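Engineer: Handing over run_26.cif, mmCIF, C-alpha atoms.
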```
data_target
#
loop_
_atom_site.label_atom_id
_atom_site.label_comp_id
_atom_site.auth_asym_id
_atom_site.auth_seq_id
_atom_site.Cartn_x
_atom_site.Cartn_y
_atom_site.Cartn_z
CA MET A 4 -4.00 25.67 -20.38
CA PHE A 5 -4.26 22.47 -18.37
CA THR A 6 -6.48 22.40 -15.30
CA ILE A 7 -6.77 19.66 -12.69
CA PRO A 8 -10.21 18.12 -12.19
CA ARG A 9 -11.83 18.78 -8.84
CA PRO A 10 -11.06 16.16 -6.17
CA ARG A 11 -13.11 13.00 -6.52
CA LYS A 12 -13.68 10.07 -4.23
CA SER A 13 -12.92 7.59 -7.01
CA PHE A 14 -11.42 7.34 -10.48
CA THR A 15 -13.39 5.80 -13.34
CA THR A 16 -11.37 3.08 -15.05
CA HIS A 17 -11.97 0.75 -17.97
CA ILE A 18 -10.24 -2.59 -17.54
CA HIS A 19 -9.49 -5.20 -20.19
CA CYS A 20 -9.44 -8.85 -19.12
CA LEU A 21 -6.47 -10.69 -20.61
CA GLU A 22 -8.19 -14.07 -20.24
CA CYS A 23 -11.51 -13.57 -22.00
CA GLY A 24 -11.11 -10.16 -23.67
CA HIS A 25 -14.01 -8.56 -21.80
CA THR A 26 -13.70 -4.85 -21.00
CA PHE A 27 -15.47 -3.60 -17.91
CA ARG A 28 -15.74 -0.45 -15.84
CA ARG A 29 -14.69 0.05 -12.21
CA GLU A 30 -14.77 3.02 -9.87
CA LEU A 31 -11.50 2.82 -7.92
CA PRO A 32 -10.88 4.73 -4.69
CA ARG A 33 -7.10 4.66 -5.21
CA ILE A 34 -4.62 4.28 -8.05
CA TYR A 35 -0.87 4.50 -7.49
CA ILE A 36 1.40 5.82 -10.22
CA HIS A 37 4.94 4.49 -9.81
CA MET A 38 6.77 7.49 -11.20
CA PRO A 39 10.12 5.81 -12.03
CA ASP A 40 8.22 3.42 -14.32
CA PHE A 41 5.98 6.21 -15.60
CA ASP A 42 9.03 8.21 -16.67
CA ARG A 43 10.61 5.14 -18.26
CA LYS A 44 7.54 3.80 -20.04
CA ILE A 45 5.41 6.85 -20.83
CA ARG A 46 7.83 9.76 -21.08
CA GLU A 47 10.90 7.94 -22.39
CA LYS A 48 8.88 5.46 -24.50
CA GLN A 49 10.86 2.44 -23.29
CA ALA A 50 9.10 -0.85 -23.94
CA GLY A 51 8.73 -3.72 -21.49
CA GLY A 52 8.64 -3.81 -17.73
CA ARG A 53 5.77 -3.29 -15.37
CA SER A 54 2.91 -0.90 -15.91
CA PRO A 55 3.40 2.26 -13.83
CA PHE A 56 -0.29 2.14 -12.90
CA VAL A 57 -0.80 0.09 -9.76
CA ILE A 58 -4.31 -0.69 -8.51
CA PRO A 59 -4.03 -1.49 -4.78
CA GLN A 60 -6.68 -4.20 -4.70
CA HIS A 61 -7.51 -7.48 -6.40
CA ILE A 62 -9.46 -7.14 -9.65
CA SER A 63 -11.81 -9.91 -10.76
CA CYS A 64 -13.31 -10.07 -14.24
CA PRO A 65 -17.14 -10.10 -14.04
CA GLN A 66 -17.29 -12.19 -17.22
CA CYS A 67 -14.89 -15.08 -16.53
CA ASN A 68 -13.94 -14.45 -12.86
CA SER A 69 -10.22 -14.42 -13.65
CA MET A 70 -8.34 -12.71 -10.83
CA ASP A 71 -5.70 -10.03 -11.52
CA GLU A 72 -5.35 -10.95 -15.20
CA TYR A 73 -5.96 -7.57 -16.72
CA GLU A 74 -4.59 -4.38 -18.24
CA LEU A 75 -5.97 -0.87 -18.23
CA ALA A 76 -7.81 0.09 -21.41
CA PRO A 77 -6.12 2.72 -23.64
CA GLN A 78 -8.64 5.44 -22.74
CA THR A 79 -7.91 4.97 -19.05
CA VAL A 80 -4.15 5.08 -19.63
CA SER A 81 -4.65 8.31 -21.57
CA MET A 82 -6.77 9.86 -18.82
CA LEU A 83 -4.25 8.93 -16.14
CA THR A 84 -1.39 10.31 -18.23
CA LEU A 85 -3.22 13.59 -18.86
CA THR A 86 -4.01 13.90 -15.15
CA ILE A 87 -0.32 13.56 -14.27
CA ILE A 88 0.70 16.09 -16.94
CA ALA A 89 -1.94 18.52 -15.70
CA SER A 90 -0.85 18.09 -12.10
CA SER A 91 2.78 18.77 -12.98
CA MET A 92 1.79 22.04 -14.64
CA ALA A 93 -0.55 23.12 -11.83
CA GLY A 94 1.71 22.29 -8.89
CA GLY A 95 0.42 18.88 -7.87
CA LEU A 96 -2.74 16.90 -7.32
CA ALA A 97 -5.33 18.11 -4.84
CA GLN A 98 -5.27 16.59 -1.38
CA GLY A 99 -7.41 13.47 -1.23
CA HIS A 100 -7.22 12.82 -4.98
CA PRO A 101 -7.69 9.10 -5.77
CA ILE A 102 -4.48 9.14 -7.81
CA GLN A 103 -1.28 9.08 -5.76
CA LEU A 104 2.19 9.47 -7.23
CA ILE A 105 4.72 7.18 -5.55
CA SER A 106 8.32 6.09 -5.78
CA PHE A 107 8.64 2.68 -4.14
CA GLY A 108 11.85 1.19 -2.83
CA LEU A 109 13.18 -1.76 -0.90
CA HIS A 110 14.51 -1.44 2.65
CA ASP A 111 18.02 -0.75 1.33
CA GLY A 112 16.85 2.13 -0.86
CA THR A 113 16.77 0.24 -4.16
CA ILE A 114 13.96 1.69 -6.30
CA MET A 115 11.72 -1.10 -7.53
CA HIS A 116 8.17 -1.53 -8.77
CA PRO A 117 5.95 -2.81 -5.90
CA LEU A 118 5.10 -6.02 -7.76
CA ASP A 119 8.78 -6.67 -8.50
CA GLY A 120 9.46 -6.01 -4.82
CA LEU A 121 6.83 -8.60 -3.95
CA ASP A 122 8.54 -11.18 -6.18
CA TYR A 123 11.93 -10.24 -4.71
CA TYR A 124 10.86 -10.88 -1.13
CA ARG A 125 8.87 -13.99 -2.07
CA GLU A 126 12.00 -15.57 -3.52
CA LYS A 127 14.04 -14.62 -0.44
CA LEU A 128 11.34 -16.06 1.80
CA GLU A 129 11.32 -19.35 -0.10
CA ARG A 130 15.03 -19.69 0.69
CA ALA A 131 14.69 -18.57 4.32
CA PRO A 132 11.10 -19.06 5.56
CA ALA A 133 12.09 -18.41 9.19
CA ASP A 134 13.45 -14.92 8.42
CA LEU A 135 10.87 -12.70 10.11
CA ALA A 136 12.38 -9.46 8.78
CA VAL A 137 11.92 -10.65 5.19
CA ARG A 138 8.42 -11.92 5.95
CA MET A 139 7.55 -8.52 7.44
CA ARG A 140 8.65 -6.71 4.28
CA TYR A 141 6.75 -9.24 2.19
CA ALA A 142 3.60 -8.65 4.25
CA ASN A 143 4.03 -4.88 4.14
CA ILE A 144 4.08 -4.83 0.34
CA MET A 145 1.02 -7.08 0.21
CA ARG A 146 -0.77 -4.72 2.55
CA SER A 147 0.22 -1.67 0.52
CA ILE A 148 -0.92 -3.08 -2.84
CA GLY A 149 -4.26 -4.09 -1.35
CA TRP A 150 -3.72 -7.83 -0.93
CA LEU A 151 -5.19 -7.56 2.53
CA ASP A 152 -6.12 -11.18 3.26
CA GLU A 153 -2.66 -12.36 2.21
CA ALA A 154 -0.99 -9.67 4.32
CA LYS A 155 -3.11 -10.63 7.33
CA GLU A 156 -1.99 -14.26 6.99
CA GLN A 157 1.67 -13.22 6.92
CA TYR A 158 1.33 -10.95 9.96
CA LYS A 159 -0.30 -13.77 11.91
CA ILE A 160 2.57 -16.11 10.99
CA ILE A 161 5.03 -13.49 12.27
CA LEU A 162 3.15 -12.97 15.53
CA THR A 163 2.89 -16.71 16.11
CA ALA A 164 6.68 -16.90 15.85
CA ASP A 165 7.28 -13.72 17.89
CA PRO A 166 4.32 -12.08 19.70
CA ASN A 167 6.41 -8.94 20.34
CA GLN A 168 6.76 -7.92 16.68
CA LEU A 169 5.33 -4.41 16.98
CA GLU A 170 5.34 -3.63 13.27
CA ALA A 171 3.28 -6.74 12.51
CA MET A 172 0.81 -5.79 15.23
CA LEU A 173 0.42 -2.30 13.83
CA GLY A 174 0.02 -3.63 10.30
CA LEU A 175 -2.62 -6.11 11.43
CA ALA A 176 -4.47 -3.36 13.32
CA SER A 177 -4.58 -1.29 10.11
CA LEU A 178 -6.15 -4.23 8.27
CA TYR A 179 -8.82 -4.55 10.96
CA VAL A 180 -9.56 -0.83 10.64
CA THR A 181 -9.95 -1.13 6.87
CA SER A 182 -12.33 -4.09 7.20
CA LYS A 183 -14.35 -2.13 9.84
CA HIS A 184 -13.46 -4.59 12.60
CA LEU A 185 -12.74 -1.81 15.06
CA ARG A 186 -13.06 -4.00 18.16
CA GLU A 187 -10.30 -6.29 16.88
CA ALA A 188 -8.22 -3.26 15.87
CA LYS A 189 -8.46 -1.77 19.38
CA LYS A 190 -7.60 -5.11 20.96
CA MET A 191 -4.52 -5.39 18.76
CA LEU A 192 -3.47 -1.84 19.67
CA ARG A 193 -3.92 -2.57 23.39
CA ASP A 194 -1.78 -5.68 23.00
CA LEU A 195 0.82 -3.60 21.15
CA GLN A 196 0.86 -1.00 23.92
CA GLU A 197 1.32 -3.70 26.55
CA ARG A 198 4.07 -5.54 24.68
CA ALA A 199 6.02 -2.51 23.44
CA PRO A 200 8.24 -2.15 26.57
CA HIS A 201 9.16 -5.85 26.34
CA SER A 202 10.06 -5.83 22.66
CA ARG A 203 13.54 -5.36 21.21
CA HIS A 204 12.36 -2.74 18.72
CA PRO A 205 14.58 0.38 18.90
CA GLN A 206 11.52 2.62 18.51
CA TRP A 207 9.25 0.88 20.98
CA GLN A 208 8.60 4.11 22.90
CA GLU A 209 7.31 5.78 19.75
CA TYR A 210 5.09 2.80 19.00
CA GLU A 211 3.73 2.91 22.53
CA ALA A 212 3.07 6.66 22.45
CA GLN A 213 1.39 6.64 19.03
CA THR A 214 -0.68 3.59 19.91
CA ARG A 215 -1.90 5.32 23.06
CA ALA A 216 -2.87 8.34 20.95
CA TYR A 217 -5.06 6.16 18.74
CA LEU A 218 -6.64 4.37 21.68
CA GLU A 219 -7.39 7.62 23.52
CA GLY A 220 -8.83 9.30 20.44
CA VAL A 221 -6.09 11.89 19.99
CA TYR A 222 -5.75 10.54 16.46
CA PRO A 223 -8.86 9.16 14.67
CA LEU A 224 -8.68 5.39 14.51
CA GLU A 225 -9.99 5.59 10.93
CA ASP A 226 -6.70 7.24 9.93
CA LEU A 227 -4.82 4.01 10.65
CA THR A 228 -5.14 2.60 7.14
CA PRO A 229 -2.84 0.23 5.22
CA ASP A 230 -1.61 2.87 2.78
CA SER A 231 -0.86 5.31 5.60
CA LEU A 232 1.84 3.01 6.94
CA LEU A 233 4.11 2.42 4.00
CA LEU A 234 3.57 3.92 0.58
CA HIS A 235 4.61 7.57 0.65
CA SER A 236 5.60 9.51 -2.40
CA SER A 237 8.80 11.44 -2.90
CA VAL A 238 6.89 13.15 -5.71
CA LYS A 239 3.90 14.19 -3.63
CA THR A 240 5.34 14.67 -0.18
CA LYS A 241 2.50 14.06 2.22
CA LEU A 242 4.29 12.13 4.95
CA SER A 243 2.49 11.17 8.12
CA LYS A 244 4.12 12.33 11.35
CA ARG A 245 2.17 9.90 13.47
CA LEU A 246 3.84 6.56 12.94
CA PRO A 247 7.48 5.75 13.59
CA HIS A 248 8.08 4.07 10.25
CA SER A 249 5.89 6.31 8.09
CA LYS A 250 8.72 8.67 7.21
CA SER A 251 10.15 6.15 4.79
CA LYS A 252 8.78 4.99 1.49
CA HIS A 253 10.86 1.82 1.62
CA ALA A 254 9.80 -1.72 2.41
#
```
Before anything else, please render the file you have as structure tokens.

Structural biologist:
Amino acid sequence: MFTIPRPRKSFTTHIHCLECGHTFRRELPRIYIHMPDFDRKIREKQAGGRSPFVIPQHISCPQCNSMDEYELAPQTVSMLTLTIIASSMAGGLAQGHPIQLISFGLHDGTIMHPLDGLDYYREKLERAPADLAVRMRYANIMRSIGWLDEAKEQYKIILTADPNQLEAMLGLASLYVTSKHLREAKKMLRDLQERAPHSRHPQWQEYEAQTRAYLEGVYPLEDLTPDSLLLHSSVKTKLSKRLPHSKSKHA
């Protein structure tokens, strides 16, 4: 009988560098499993396509310093697969488990691997660099897959073009929280609260109310993290009720 391991703060992974061949170990606080690709690649044995295992951070090889040129070692793939099988038999992963099962989609509902979604919006942005809606979706995916510096740059570009973009302000505040820059996060939230009534966002009242709750301590500021804003699983339904756009798993 399968049993699920007790909740851990991190998941031990072995990573193989595709540049120099070095295999190294990392303790990861979060691993996303994109279930549509897991079903296709692992269960249905279809070759090609993206790996269903998404590490939401940059990975640098300690041997050659290559960035994001890696694959998970076979023993790690096996452990992740067994964990998912065990969770399906036991009714789901424990709350707070470092592995999260997700089903990612674009804003129109098209299911797509997060990295393919990133390429999709990058190409659209190259054709229309002034399209703030596309840039927002591009930044949101970057934030959700752990490319935090790149997401921050995109949010700042958006806010330079339109200081009343509430979603960009909230996303930027979440990045400040993650980097422990709480003073900057609170300043961004105060600016959001002030600008909300003047924005054209149809949910500005919800943004204003939720922002006030964070500023007044009704909700812990530490809960405002990048992955709380966008990536939510239809497989493991743990949807936040705090943020106006957190009910959707789409970008």

Engineer: Find the residue from A:Leu169, A:Ile62, A:Ile102, A:Ile114 that sits nearest to Ser13 in chain A; use only C-alpha atoms when measuring.

Structural biologist: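 Under the stated criterion, the closest residue is A:Ile102.
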
Engineer: Of the candidates A:His19, A:Arg53, A:Lys48, A:His37, which shows the shortest atom-to-atom distance to Pro77 in chain A, using only C-alpha atoms?

Structural biologist: A:His19

Engineer: Just want the 12 Å neighbourhood of range 212-221 of chain A, counted on only C-alpha atoms, with same-chain residues fewer than 2 positions away dropped. Output as a ChimeraX atom specification.

Structural biologist: /A:169-170,172-173,176-177,180,185-186,188-200,206-210,223-227,243-249

Engineer: CA of Ser69 in chain A and CA of Cys20 in chain A are how many Å apart?

Structural biologist: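 Computing it gives 7.8 Å between the two atoms.
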
Engineer: Env of Arg46 in chain A: 12 Å cut, atoms = all atoms listed in the file, seq-sep filter 4 positions within chain, self excluded. Answer as a list in words.

Structural biologist: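 Counting all atoms listed in the file, the residues come to Met38, Pro39, Asp40, Phe41, Asp42, Ala50, Pro55, Thr84, Leu85, Ile87 and Ile88 of chain A.
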
Engineer: Those residues you just picked out, can you put them in a file as a compact mmCIF listing (two decimals), in the coordinates of the input with C-alpha atoms?

Structural biologist:
```
# COMPACT_ATOMS: atom_id res chain seq x y z
CA MET A 38 6.77 7.49 -11.20
CA PRO A 39 10.12 5.81 -12.03
CA ASP A 40 8.22 3.42 -14.32
CA PHE A 41 5.98 6.21 -15.60
CA ASP A 42 9.03 8.21 -16.67
CA ALA A 50 9.10 -0.85 -23.94
CA PRO A 55 3.40 2.26 -13.83
CA THR A 84 -1.39 10.31 -18.23
CA LEU A 85 -3.22 13.59 -18.86
CA ILE A 87 -0.32 13.56 -14.27
CA ILE A 88 0.70 16.09 -16.94
```

Engineer: Hey, can you check how far CA of His201 in chain A sits from CA of Gly112 in chain A?

Structural biologist: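 Straight-line distance from CA of His201 in chain A to CA of Gly112 in chain A works out to 29.4 Å.
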
Engineer: List every protein, DNA or RNA residue that has at least one atom no more than 8 Å from (-16.4, -9.6, -19.5) in the file's coordinates, counting all atoms listed in the file, and write the result as a list of chain:residue names.

Structural biologist: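 The distance filter leaves exactly A:Cys20, A:Cys23, A:Gly24, A:His25, A:Thr26, A:Phe27, A:Cys64, A:Pro65, A:Gln66, A:Cys67.
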
Engineer: Suppose we keep C-alpha atoms; can you now write the selection as a PDB file, keeping the file's coordinate frame?

Structural biologist:
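Now in selection-v1.pdb:
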```pdb
ATOM      1  CA  CYS A  20      -9.440  -8.850 -19.120  1.00  0.00           C
ATOM      2  CA  CYS A  23     -11.510 -13.570 -22.000  1.00  0.00           C
ATOM      3  CA  GLY A  24     -11.110 -10.160 -23.670  1.00  0.00           C
ATOM      4  CA  HIS A  25     -14.010  -8.560 -21.800  1.00  0.00           C
ATOM      5  CA  THR A  26     -13.700  -4.850 -21.000  1.00  0.00           C
ATOM      6  CA  PHE A  27     -15.470  -3.600 -17.910  1.00  0.00           C
ATOM      7  CA  CYS A  64     -13.310 -10.070 -14.240  1.00  0.00           C
ATOM      8  CA  PRO A  65     -17.140 -10.100 -14.040  1.00  0.00           C
ATOM      9  CA  GLN A  66     -17.290 -12.190 -17.220  1.00  0.00           C
ATOM     10  CA  CYS A  67     -14.890 -15.080 -16.530  1.00  0.00           C
TER      11      CYS A  67
END
```

Engineer: Could you check how far CA of Asn143 in chain A sits from CA of Gly52 in chain A, in Å to one decimal?

Structural biologist: 22.4 Å

Engineer: Could you list, as a list in words, every residue matched by the PyMOL selection byres ((chain A and resi 157) around 9) in this structure?

Structural biologist: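 With the PyMOL selection byres ((chain A and resi 157) around 9) on this model, the match is Arg138, Met139, Tyr141, Ala142, Asp152, Glu153, Ala154, Lys155, Glu156, Tyr158, Lys159, Ile160, Ile161, Leu162 and Ala171 of chain A.
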
Engineer: Give me the residues near Phe14 in chain A as a list in words, where near means some atom within 8 Å (using all atoms listed in the file) and where sequence neighbours in that chain fewer than 3 positions away do not count.

Structural biologist: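 Within the cut-off, the hits are Arg11, Glu30, Leu31, Pro32, Arg33, Ile34, Pro101 and Ile102 of chain A.
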
Engineer: For the structure provided, state which residues fall under the PyMOL selection byres ((chain A and resi 125) around 12), and present them as a PDB file with C-alpha atoms, in the frame of the given file.

Structural biologist:
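Output (part-v8.pdb):
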```
ATOM      1  CA  LEU A 118       5.100  -6.020  -7.760  1.00  0.00           C
ATOM      2  CA  ASP A 119       8.780  -6.670  -8.500  1.00  0.00           C
ATOM      3  CA  GLY A 120       9.460  -6.010  -4.820  1.00  0.00           C
ATOM      4  CA  LEU A 121       6.830  -8.600  -3.950  1.00  0.00           C
ATOM      5  CA  ASP A 122       8.540 -11.180  -6.180  1.00  0.00           C
ATOM      6  CA  TYR A 123      11.930 -10.240  -4.710  1.00  0.00           C
ATOM      7  CA  TYR A 124      10.860 -10.880  -1.130  1.00  0.00           C
ATOM      8  CA  GLU A 126      12.000 -15.570  -3.520  1.00  0.00           C
ATOM      9  CA  LYS A 127      14.040 -14.620  -0.440  1.00  0.00           C
ATOM     10  CA  LEU A 128      11.340 -16.060   1.800  1.00  0.00           C
ATOM     11  CA  GLU A 129      11.320 -19.350  -0.100  1.00  0.00           C
ATOM     12  CA  ARG A 130      15.030 -19.690   0.690  1.00  0.00           C
ATOM     13  CA  ALA A 131      14.690 -18.570   4.320  1.00  0.00           C
ATOM     14  CA  PRO A 132      11.100 -19.060   5.560  1.00  0.00           C
ATOM     15  CA  ASP A 134      13.450 -14.920   8.420  1.00  0.00           C
ATOM     16  CA  VAL A 137      11.920 -10.650   5.190  1.00  0.00           C
ATOM     17  CA  ARG A 138       8.420 -11.920   5.950  1.00  0.00           C
ATOM     18  CA  MET A 139       7.550  -8.520   7.440  1.00  0.00           C
ATOM     19  CA  ARG A 140       8.650  -6.710   4.280  1.00  0.00           C
ATOM     20  CA  TYR A 141       6.750  -9.240   2.190  1.00  0.00           C
ATOM     21  CA  ALA A 142       3.600  -8.650   4.250  1.00  0.00           C
ATOM     22  CA  ILE A 144       4.080  -4.830   0.340  1.00  0.00           C
ATOM     23  CA  MET A 145       1.020  -7.080   0.210  1.00  0.00           C
ATOM     24  CA  GLN A 157       1.670 -13.220   6.920  1.00  0.00           C
TER      25      GLN A 157
END
```

Engineer: Residues near Glu74 in chain A, anyone? I mean within 10 Å using only C-alpha atoms, not counting same-chain ones fewer than 5 positions away, as a VMD selection string.

Structural biologist: chain A and resid 17 to 21 26 54 56 79 to 80

Engineer: So which one's closest to Thr86 in chain A, A:Gly99, A:Leu104, A:Arg28, A:Tyr73? Using all atoms listed in the file, please.

Structural biologist: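 Going through A:Gly99, A:Leu104, A:Arg28, A:Tyr73 one by one, the smallest distance to Thr86 in chain A is for A:Leu104.
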
Engineer: Point out the residue among A:Arg203, A:Lys183, A:Arg146, A:Arg29 with the least atom-to-atom distance to Leu75 in chain A, counting all atoms listed in the file.

Structural biologist: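 Of the candidates, the smallest distance to Leu75 in chain A is held by A:Arg29.
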
Engineer: Kindly complete range 142-152 of chain A to all heavy atoms; the output should be written as a compact mmCIF listing (two decimals), in the frame of the given file.

Structural biologist:
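Listed below is the output, rebuild.txt:
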```txt
# COMPACT_ATOMS: atom_id res chain seq x y z
N ALA A 142 4.96 -8.97 3.81
CA ALA A 142 3.60 -8.65 4.25
C ALA A 142 3.28 -7.17 4.05
O ALA A 142 2.16 -6.82 3.65
CB ALA A 142 3.45 -9.02 5.73
N ASN A 143 4.26 -6.31 4.29
CA ASN A 143 4.03 -4.88 4.14
C ASN A 143 3.69 -4.51 2.70
O ASN A 143 2.82 -3.67 2.44
CB ASN A 143 5.26 -4.09 4.59
CG ASN A 143 5.39 -4.04 6.10
OD1 ASN A 143 4.45 -4.34 6.84
ND2 ASN A 143 6.57 -3.68 6.58
N ILE A 144 4.39 -5.12 1.74
CA ILE A 144 4.08 -4.83 0.34
C ILE A 144 2.69 -5.35 -0.01
O ILE A 144 1.91 -4.65 -0.67
CB ILE A 144 5.13 -5.44 -0.60
CG1 ILE A 144 6.51 -4.83 -0.35
CG2 ILE A 144 4.73 -5.22 -2.06
CD1 ILE A 144 7.60 -5.38 -1.25
N MET A 145 2.37 -6.54 0.45
CA MET A 145 1.02 -7.08 0.21
C MET A 145 -0.04 -6.13 0.74
O MET A 145 -1.03 -5.84 0.07
CB MET A 145 0.87 -8.45 0.88
CG MET A 145 1.59 -9.57 0.19
SD MET A 145 1.28 -11.13 1.05
CE MET A 145 1.93 -12.29 -0.14
N ARG A 146 0.18 -5.65 1.95
CA ARG A 146 -0.77 -4.72 2.55
C ARG A 146 -0.90 -3.46 1.70
O ARG A 146 -2.00 -2.95 1.45
CB ARG A 146 -0.32 -4.35 3.97
CG ARG A 146 -1.29 -3.47 4.73
CD ARG A 146 -0.64 -2.86 5.95
NE ARG A 146 0.32 -1.84 5.56
CZ ARG A 146 1.55 -1.73 6.07
NH1 ARG A 146 1.97 -2.56 6.98
NH2 ARG A 146 2.35 -0.77 5.65
N SER A 147 0.22 -2.94 1.23
CA SER A 147 0.22 -1.67 0.52
C SER A 147 -0.38 -1.77 -0.88
O SER A 147 -0.91 -0.78 -1.39
CB SER A 147 1.64 -1.12 0.44
OG SER A 147 2.13 -0.88 1.73
N ILE A 148 -0.32 -2.94 -1.51
CA ILE A 148 -0.92 -3.08 -2.84
C ILE A 148 -2.34 -3.65 -2.75
O ILE A 148 -2.93 -4.01 -3.76
CB ILE A 148 -0.05 -3.96 -3.77
CG1 ILE A 148 0.08 -5.39 -3.24
CG2 ILE A 148 1.31 -3.33 -3.98
CD1 ILE A 148 0.77 -6.33 -4.22
N GLY A 149 -2.87 -3.71 -1.52
CA GLY A 149 -4.26 -4.09 -1.35
C GLY A 149 -4.53 -5.57 -1.27
O GLY A 149 -5.69 -5.98 -1.32
N TRP A 150 -3.51 -6.39 -1.12
CA TRP A 150 -3.72 -7.83 -0.93
C TRP A 150 -3.88 -8.08 0.57
O TRP A 150 -3.01 -8.61 1.24
CB TRP A 150 -2.54 -8.62 -1.50
CG TRP A 150 -2.38 -8.50 -2.98
CD1 TRP A 150 -3.02 -7.64 -3.82
CD2 TRP A 150 -1.52 -9.29 -3.81
NE1 TRP A 150 -2.61 -7.83 -5.13
CE2 TRP A 150 -1.69 -8.84 -5.15
CE3 TRP A 150 -0.62 -10.32 -3.56
CZ2 TRP A 150 -0.99 -9.39 -6.22
CZ3 TRP A 150 0.09 -10.86 -4.63
CH2 TRP A 150 -0.11 -10.42 -5.94
N LEU A 151 -5.01 -7.66 1.09
CA LEU A 151 -5.19 -7.56 2.53
C LEU A 151 -5.29 -8.92 3.23
O LEU A 151 -4.74 -9.10 4.32
CB LEU A 151 -6.42 -6.71 2.84
CG LEU A 151 -6.41 -5.30 2.21
CD1 LEU A 151 -7.61 -4.50 2.70
CD2 LEU A 151 -5.10 -4.57 2.50
N ASP A 152 -6.00 -9.86 2.63
CA ASP A 152 -6.12 -11.18 3.26
C ASP A 152 -4.76 -11.87 3.31
O ASP A 152 -4.42 -12.51 4.32
CB ASP A 152 -7.11 -12.05 2.49
CG ASP A 152 -8.55 -11.58 2.67
OD1 ASP A 152 -8.83 -10.86 3.66
OD2 ASP A 152 -9.40 -11.90 1.81
```
